[in-house]
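Pasting my_file.cif here (mmCIF, C-alpha atoms and all ligand atoms):
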data_upload
#
loop_
_atom_site.label_atom_id
_atom_site.label_comp_id
_atom_site.auth_asym_id
_atom_site.auth_seq_id
_atom_site.Cartn_x
_atom_site.Cartn_y
_atom_site.Cartn_z
CA MET A 942 76.63 51.82 98.90
CA PRO A 943 75.97 55.45 100.04
CA ARG A 944 76.81 58.10 97.48
CA SER A 945 79.59 60.54 98.48
CA VAL A 946 79.36 64.03 97.02
CA THR A 947 82.27 66.50 97.06
CA VAL A 948 81.64 70.23 96.64
CA ARG A 949 84.14 73.05 96.60
CA ALA A 950 83.27 76.64 97.49
CA PRO A 951 85.46 79.76 97.32
CA GLY A 952 86.72 82.26 99.86
CA LYS A 953 86.27 85.97 99.17
CA VAL A 954 87.64 89.45 99.48
CA ASN A 955 85.39 92.50 99.92
CA LEU A 956 86.27 95.19 97.36
CA GLN A 957 83.86 97.52 99.14
CA LEU A 958 82.58 97.05 102.67
CA SER A 959 80.56 100.06 103.72
CA VAL A 960 78.90 99.68 107.10
CA GLY A 961 75.90 101.58 108.42
CA PRO A 962 74.72 102.16 111.99
CA ARG A 963 73.94 99.07 114.10
CA ARG A 964 70.32 97.92 113.72
CA ASP A 965 68.03 96.87 116.57
CA ASP A 966 68.67 93.20 115.72
CA GLY A 967 72.43 93.69 116.25
CA TYR A 968 73.32 93.49 112.57
CA HIS A 969 74.66 96.38 110.49
CA PRO A 970 73.29 97.40 107.09
CA LEU A 971 75.97 96.86 104.46
CA ALA A 972 76.77 97.97 100.94
CA THR A 973 79.41 95.49 99.90
CA VAL A 974 81.04 94.13 96.79
CA PHE A 975 82.32 90.59 97.15
CA GLN A 976 84.81 88.94 94.87
CA ALA A 977 85.35 85.18 95.10
CA VAL A 978 89.02 84.21 94.82
CA GLU A 979 90.64 80.95 93.85
CA LEU A 980 91.08 79.59 97.36
CA TYR A 981 88.62 76.82 98.10
CA GLU A 982 87.13 74.79 100.87
CA THR A 983 86.04 71.29 99.85
CA VAL A 984 83.38 69.34 101.71
CA THR A 985 82.61 65.67 101.06
CA ALA A 986 79.24 64.46 102.35
CA THR A 987 78.61 60.72 102.78
CA PRO A 988 75.13 59.72 103.98
CA THR A 989 75.01 57.36 106.97
CA LEU A 990 72.19 55.48 108.70
CA GLY A 991 70.85 57.08 111.89
CA GLY A 992 70.64 60.83 112.44
CA ASP A 993 74.23 61.68 113.41
CA VAL A 994 76.15 64.49 111.71
CA THR A 995 79.91 64.06 112.14
CA VAL A 996 82.70 66.22 110.77
CA SER A 997 86.45 65.97 110.29
CA VAL A 998 88.72 68.82 109.22
CA ARG A 999 92.15 68.90 107.63
CA ALA A 1000 93.92 71.52 105.53
CA GLN A 1001 95.71 71.74 102.23
CA PRO A 1002 99.50 71.81 102.75
CA THR A 1003 99.64 75.45 101.56
CA LEU A 1004 97.69 76.62 104.60
CA ALA A 1005 99.09 77.30 108.08
CA PHE A 1006 96.43 75.47 110.07
CA ASP A 1007 95.82 74.78 113.75
CA PRO A 1008 93.21 71.97 114.03
CA ALA A 1009 92.17 73.33 117.45
CA SER A 1010 90.92 76.51 115.73
CA VAL A 1011 87.95 74.70 114.13
CA PRO A 1012 85.19 73.32 116.39
CA LEU A 1013 83.81 69.87 115.49
CA ASP A 1014 80.48 70.26 117.31
CA GLU A 1015 77.33 72.30 116.63
CA ARG A 1016 79.43 75.48 116.42
CA ASN A 1017 80.83 74.18 113.13
CA LEU A 1018 78.92 75.91 110.31
CA ALA A 1019 79.09 72.81 108.10
CA VAL A 1020 77.39 70.73 110.83
CA ARG A 1021 74.70 73.41 111.13
CA ALA A 1022 74.34 73.40 107.36
CA ALA A 1023 73.73 69.63 107.27
CA ARG A 1024 71.13 69.92 110.04
CA ALA A 1025 69.40 72.78 108.23
CA VAL A 1026 69.11 70.70 105.04
CA ALA A 1027 67.87 67.65 107.01
CA ASP A 1028 65.26 69.77 108.86
CA ALA A 1029 64.05 71.49 105.68
CA TYR A 1030 63.49 68.21 103.79
CA GLY A 1031 62.57 65.81 106.62
CA ILE A 1032 65.74 63.71 106.22
CA GLU A 1033 66.25 61.23 109.07
CA ASP A 1034 69.58 59.81 107.89
CA GLY A 1035 72.87 61.18 109.14
CA VAL A 1036 75.90 62.33 107.21
CA ARG A 1037 79.68 62.22 107.52
CA LEU A 1038 81.30 65.51 106.47
CA GLU A 1039 84.97 65.75 105.56
CA ILE A 1040 86.30 69.29 105.18
CA VAL A 1041 89.59 70.15 103.47
CA LYS A 1042 90.45 73.77 104.16
CA GLY A 1043 92.15 76.03 101.64
CA VAL A 1044 90.91 79.35 103.05
CA PRO A 1045 92.59 80.83 106.16
CA VAL A 1046 90.61 80.23 109.39
CA ALA A 1047 89.04 83.34 111.00
CA GLY A 1048 90.83 85.42 108.37
CA GLY A 1049 88.07 87.66 107.00
CA MET A 1050 87.87 85.55 103.85
CA ALA A 1051 84.67 83.67 104.73
CA GLY A 1052 86.26 80.22 105.02
CA GLY A 1053 83.60 79.06 107.49
CA SER A 1054 80.90 80.47 105.24
CA ALA A 1055 82.39 78.55 102.30
CA ASP A 1056 82.23 75.36 104.41
CA ALA A 1057 78.55 76.06 105.06
CA ALA A 1058 77.73 76.73 101.39
CA ALA A 1059 79.64 73.63 100.27
CA ALA A 1060 77.95 71.50 102.95
CA VAL A 1061 74.47 72.72 101.97
CA VAL A 1062 75.06 71.76 98.33
CA ALA A 1063 76.85 68.48 99.17
CA CYS A 1064 74.12 67.31 101.57
CA ALA A 1065 71.31 68.36 99.23
CA GLU A 1066 72.96 66.33 96.43
CA ALA A 1067 73.91 63.34 98.60
CA TRP A 1068 70.40 63.07 100.07
CA GLU A 1069 68.87 63.84 96.65
CA VAL A 1070 66.37 66.33 98.10
CA GLY A 1071 65.76 68.05 94.74
CA ALA A 1072 66.36 71.59 96.09
CA THR A 1073 65.97 74.56 93.76
CA ARG A 1074 68.66 77.24 93.50
CA GLY A 1075 66.38 79.62 95.45
CA GLU A 1076 65.93 77.07 98.24
CA LEU A 1077 69.71 76.56 98.45
CA HIS A 1078 70.14 80.36 98.66
CA ASP A 1079 67.61 80.63 101.51
CA LEU A 1080 69.24 77.77 103.43
CA CYS A 1081 72.61 79.51 103.02
CA ALA A 1082 71.20 82.87 104.18
CA SER A 1083 69.82 81.18 107.35
CA LEU A 1084 73.39 80.11 108.22
CA GLY A 1085 75.23 83.45 107.98
CA SER A 1086 75.48 86.74 106.12
CA ASP A 1087 78.38 85.68 103.83
CA VAL A 1088 77.16 82.15 103.07
CA PRO A 1089 74.93 82.97 100.05
CA PHE A 1090 77.82 84.72 98.33
CA SER A 1091 80.00 81.61 98.57
CA LEU A 1092 77.17 79.67 96.91
CA HIS A 1093 76.98 82.16 94.02
CA GLY A 1094 80.66 83.17 93.64
CA HIS A 1095 82.09 85.48 90.92
CA THR A 1096 81.70 89.20 91.84
CA ALA A 1097 78.49 90.40 93.44
CA VAL A 1098 76.93 93.33 95.21
CA GLY A 1099 75.50 92.54 98.66
CA VAL A 1100 73.05 94.69 100.60
CA GLY A 1101 70.96 94.11 103.73
CA ARG A 1102 73.14 91.97 106.03
CA GLY A 1103 75.27 91.24 102.93
CA ASP A 1104 73.03 88.32 101.95
CA GLU A 1105 70.85 90.11 99.37
CA LEU A 1106 72.95 89.61 96.26
CA SER A 1107 73.00 90.76 92.69
CA PRO A 1108 75.75 90.00 90.17
CA ALA A 1109 78.32 92.72 89.37
CA MET A 1110 79.57 93.18 85.82
CA THR A 1111 83.34 92.70 85.62
CA HIS A 1112 85.95 92.40 82.93
CA GLY A 1113 89.15 90.39 83.25
CA GLU A 1114 90.99 89.02 86.24
CA LEU A 1115 92.36 90.67 89.37
CA HIS A 1116 95.57 89.42 91.00
CA TRP A 1117 95.69 89.45 94.78
CA VAL A 1118 98.26 88.73 97.44
CA MET A 1119 96.49 87.52 100.56
CA CYS A 1120 98.72 88.23 103.58
CA THR A 1121 97.51 86.07 106.45
CA GLN A 1122 98.10 86.09 110.21
CA ARG A 1123 98.31 83.02 112.42
CA ALA A 1124 95.95 84.65 114.94
CA GLY A 1125 92.35 85.22 113.84
CA LEU A 1126 89.93 88.09 114.49
CA SER A 1127 86.35 87.47 115.55
CA THR A 1128 83.82 89.13 113.23
CA PRO A 1129 81.45 90.15 116.09
CA ALA A 1130 84.44 91.65 117.97
CA VAL A 1131 85.41 93.78 114.94
CA PHE A 1132 81.82 95.01 114.50
CA ALA A 1133 81.73 95.76 118.26
CA GLU A 1134 84.92 97.84 117.92
CA PHE A 1135 83.28 99.67 114.98
CA ASP A 1136 80.29 100.47 117.29
CA ARG A 1137 82.61 101.55 120.10
CA ALA A 1138 84.43 104.02 117.83
CA VAL A 1139 81.07 105.42 116.65
CA GLU A 1140 79.80 105.87 120.22
CA GLN A 1141 82.98 106.97 122.01
CA GLU A 1142 85.09 108.69 119.36
CA GLY A 1143 82.33 110.40 117.41
CA VAL A 1144 83.17 108.53 114.19
CA THR A 1145 80.29 109.42 111.90
CA VAL A 1146 78.41 106.71 110.09
CA ALA A 1147 75.98 107.13 107.21
CA ASP A 1148 73.63 104.76 105.43
CA PRO A 1149 75.89 102.70 103.18
CA VAL A 1150 75.75 103.25 99.42
CA LEU A 1151 77.36 101.35 96.61
CA SER A 1152 80.51 102.91 95.09
CA GLN A 1153 79.84 103.85 91.47
CA ALA A 1154 83.59 104.41 90.98
CA LEU A 1155 84.19 100.77 91.91
CA MET A 1156 81.44 99.45 89.65
CA THR A 1157 82.80 101.47 86.72
CA ALA A 1158 86.37 100.30 87.39
CA LEU A 1159 85.27 96.65 87.54
CA MET A 1160 83.31 96.94 84.33
CA ALA A 1161 86.31 98.54 82.60
CA GLY A 1162 88.64 95.81 83.92
CA ASP A 1163 91.02 98.55 85.14
CA PRO A 1164 93.00 97.29 88.17
CA HIS A 1165 94.47 100.76 88.89
CA ALA A 1166 90.98 102.26 89.16
CA VAL A 1167 89.77 99.26 91.18
CA GLY A 1168 92.69 99.86 93.57
CA GLU A 1169 91.72 103.51 94.02
CA ALA A 1170 88.10 102.58 94.74
CA LEU A 1171 88.72 99.83 97.37
CA VAL A 1172 87.10 100.74 100.70
CA ASN A 1173 86.55 98.89 103.96
CA ASP A 1174 84.87 100.51 106.98
CA LEU A 1175 86.00 97.56 109.14
CA GLN A 1176 89.67 98.26 108.41
CA ALA A 1177 90.14 100.83 111.20
CA PRO A 1178 88.46 98.63 113.86
CA ALA A 1179 90.46 95.58 112.69
CA ILE A 1180 93.71 97.60 113.01
CA ALA A 1181 92.62 98.86 116.44
CA LEU A 1182 92.34 95.21 117.56
CA MET A 1183 95.51 94.08 115.73
CA PRO A 1184 97.89 97.06 115.26
CA ARG A 1185 100.37 94.91 113.32
CA LEU A 1186 98.02 95.11 110.32
CA ARG A 1187 99.15 98.70 109.70
CA GLU A 1188 102.66 97.33 109.03
CA THR A 1189 101.29 94.58 106.81
CA LEU A 1190 99.41 97.15 104.71
CA ASP A 1191 102.48 99.41 104.52
CA SER A 1192 104.78 96.57 103.48
CA ALA A 1193 102.48 95.64 100.58
CA LEU A 1194 102.37 99.31 99.49
CA ASP A 1195 106.18 99.49 99.75
CA ALA A 1196 106.26 96.72 97.13
CA ASP A 1197 104.18 98.95 94.85
CA ALA A 1198 100.84 97.21 95.33
CA LEU A 1199 98.08 99.15 93.55
CA ALA A 1200 96.27 99.15 96.89
CA ALA A 1201 96.22 97.17 100.11
CA ILE A 1202 93.16 96.67 102.25
CA VAL A 1203 92.01 94.55 105.17
CA SER A 1204 89.80 91.75 103.82
CA GLY A 1205 86.33 91.77 105.42
CA SER A 1206 86.69 91.83 109.21
CA GLY A 1207 90.36 90.81 108.91
CA PRO A 1208 93.05 90.05 109.80
CA THR A 1209 93.96 88.95 106.26
CA VAL A 1210 95.31 91.86 104.20
CA ALA A 1211 94.54 91.79 100.47
CA ALA A 1212 97.10 93.53 98.25
CA LEU A 1213 96.11 94.22 94.66
CA ALA A 1214 98.80 93.58 92.03
CA ARG A 1215 99.17 94.65 88.40
CA SER A 1216 99.83 91.09 87.22
CA ARG A 1217 100.58 87.58 88.47
CA GLN A 1218 104.32 88.41 88.26
CA HIS A 1219 103.82 91.55 90.34
CA ALA A 1220 101.80 89.53 92.87
CA LEU A 1221 104.76 87.16 93.31
CA ALA A 1222 107.09 90.15 93.85
CA ILE A 1223 104.77 91.65 96.50
CA ALA A 1224 104.51 88.24 98.18
CA ALA A 1225 108.30 87.92 98.27
CA HIS A 1226 108.67 91.39 99.84
CA VAL A 1227 105.97 90.87 102.50
CA THR A 1228 107.52 87.49 103.35
CA ALA A 1229 111.02 88.99 103.57
CA VAL A 1230 109.99 91.82 105.91
CA GLY A 1231 107.92 89.40 107.98
CA THR A 1232 104.72 91.42 108.36
CA ALA A 1233 102.48 88.39 107.64
CA ASP A 1234 102.68 84.80 108.80
CA ALA A 1235 101.92 83.40 105.33
CA VAL A 1236 101.16 84.85 101.90
CA LEU A 1237 99.01 83.36 99.14
CA CYS A 1238 98.86 84.63 95.54
CA VAL A 1239 95.35 84.21 94.14
CA SER A 1240 93.22 85.58 91.36
CA GLY A 1241 89.56 86.42 91.15
CA PRO A 1242 86.77 86.18 90.31
CA ALA A 1243 86.23 82.46 90.98
CA ALA A 1244 83.13 80.32 90.51
CA GLY A 1245 80.74 79.64 93.39
CA ALA A 1246 79.95 76.29 95.02
CA THR A 1247 80.56 73.53 92.48
CA VAL A 1248 79.98 69.77 92.65
CA LEU A 1249 83.23 68.00 91.79
CA ALA A 1250 83.09 64.90 89.64
CA PRO A 1251 83.53 61.76 91.77
O1 LIG B 1301 75.78 86.57 109.81
P1 LIG B 1301 76.98 86.07 110.54
O2 LIG B 1301 76.65 85.02 111.56
O3 LIG B 1301 78.11 85.65 109.66
O4 LIG B 1301 77.52 87.33 111.33
C1 LIG B 1301 78.48 87.17 112.36
C2 LIG B 1301 78.43 88.42 113.24
O5 LIG B 1301 78.93 89.53 112.50
C3 LIG B 1301 77.06 88.83 113.71
O6 LIG B 1301 76.73 88.18 114.90
C4 LIG B 1301 77.23 90.31 113.92
O7 LIG B 1301 77.91 90.56 115.14
C5 LIG B 1301 78.19 90.71 112.82
N1 LIG B 1301 77.52 91.22 111.61
C6 LIG B 1301 76.93 92.46 111.66
N2 LIG B 1301 76.32 92.97 110.54
C7 LIG B 1301 76.30 92.25 109.38
C8 LIG B 1301 76.90 90.98 109.32
C9 LIG B 1301 77.51 90.49 110.45
O8 LIG B 1301 76.94 93.13 112.69
N3 LIG B 1301 75.71 92.76 108.32
#
Same coordinates, now as structure tokens:
Amino acid sequence: MPRSVTVRAPGKVNLQLSVGPRRDDGYHPLATVFQAVELYETVTATPTLGGDVTVSVRAQPTLAFDPASVPLDERNLAVRAARAVADAYGIEDGVRLEIVKGVPVAGGMAGGSADAAAAVVACAEAWEVGATRGELHDLCASLGSDVPFSLHGHTAVGVGRGDELSPAMTHGELHWVMCTQRAGLSTPAVFAEFDRAVEQEGVTVADPVLSQALMTALMAGDPHAVGEALVNDLQAPAIALMPRLRETLDSALDADALAAIVSGSGPTVAALARSRQHALAIAAHVTAVGTADAVLCVSGPAAGATVLAP
């Protein structure tokens, strides 16, 4: 009887996303602070005979989900993750992957990256390859810039492409309202719009540095100060590609959010609330004015990729 292993991995919001000038390899140097939030992807890996990697995807009922938005071939990051584990450890068996999505697709919350992190851990466990934490991290980094963070979770500083992580000290919980859009934004397209604004509109761009104000606010557990320190250099390019996001941000601020910011490369808008109660009030207002297609109240930080008991 093959052993099935189920792993859940969290989505994220970037509390800081400072972007430097495009490098020769096409990537941008980042100074970012990730926070994992309690929205999860789960991936179940069941070993099979023969070398095939197959994948199925469904979503939790809370999520507006179009199955056509997730590819089931080699473009799927979980499929690539399984192949990367098999290649690294000389595994000739195949695997059946079953994904249950809880993170919005193409939303700037790293749902695909969470699938990849969960699939790496699930395959490594199911095939019993005996991988170290460092080896899991390197496999994740080979799959995408945000994948290692989903493995580690909690709150972390990311530099380089965003994959060189160190833990951030935090105190207490933050309450977020994630305002999602049915349409997604492509991360490369948002970075390309960032480059276009730099080249054509003279937007200046410096080497990214970590915000000390944010680190101090996180350590103090002060949501007001965290709100004041939130920064995202991809917000303007995301709004340029999806102007409706300006209204989404304004509607969250109208409901007295401490701050509202585009999450990662968007289009999800993250509104910071004073409490869980306040988050529900912001969610009700954004829903009533109709500036998002769905809203989710979540808290952070959340744990990284975790094997669930069978
Ligand atoms: O690493 P990942 O595959 O997730 O990145 C997706 C795309 O996002 C890259 O192809 C690149 O266009 C952009 N990106 C970037 N700089 C980063 C991370 C991502 O330009 N640090």
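Using only C-alpha atoms, the protein and nucleic acid residues lying no more than 6 Å from Val1088 in chain A, apart from those fewer than 6 places from it along its own chain, are Ser1054, Ala1058 and Cys1081 of chain A.
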I'd like the contact shell of range 962-973 of chain A - 12 Å cut-off, all atoms listed in the file, skipping same-chain residues fewer than 2 positions apart - returned as number ranges by chain. A: 953-960, 975-976, 1085-1087, 1090, 1096-1109, 1128-1129, 1131-1140, 1144-1153, 1155-1156, 1171-1175, 1204-1205
(request) Figure out the distance between CA of Val998 in chain A and CA of Cys1238 in chain A, please, to one decimal in Å. (result)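 Between these atoms lies a distance of 23.2 Å.
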Long-range neighbours of Gly1031 in chain A as a JSON list (two decimals) with C-alpha atoms, in the coordinates of the input, 12 Å cut-off, all atoms listed in the file, 5 positions minimum in chain:
[["chain", "number", "residue", "atom", "x", "y", "z"],
["A", 992, "GLY", "CA", 70.64, 60.83, 112.44],
["A", 1023, "ALA", "CA", 73.73, 69.63, 107.27],
["A", 1024, "ARG", "CA", 71.13, 69.92, 110.04],
["A", 1025, "ALA", "CA", 69.40, 72.78, 108.23],
["A", 1026, "VAL", "CA", 69.11, 70.70, 105.04],
["A", 1065, "ALA", "CA", 71.31, 68.36, 99.23],
["A", 1068, "TRP", "CA", 70.40, 63.07, 100.07],
["A", 1069, "GLU", "CA", 68.87, 63.84, 96.65],
["A", 1070, "VAL", "CA", 66.37, 66.33, 98.10]]
Q: Quote the spacing between CA of Gly1245 in chain A and atom O6 of ligand LIG 1301 (chain B) in Å to one decimal place.
A: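 CA of Gly1245 in chain A sits 23.5 Å away from atom O6 of ligand LIG 1301 (chain B).
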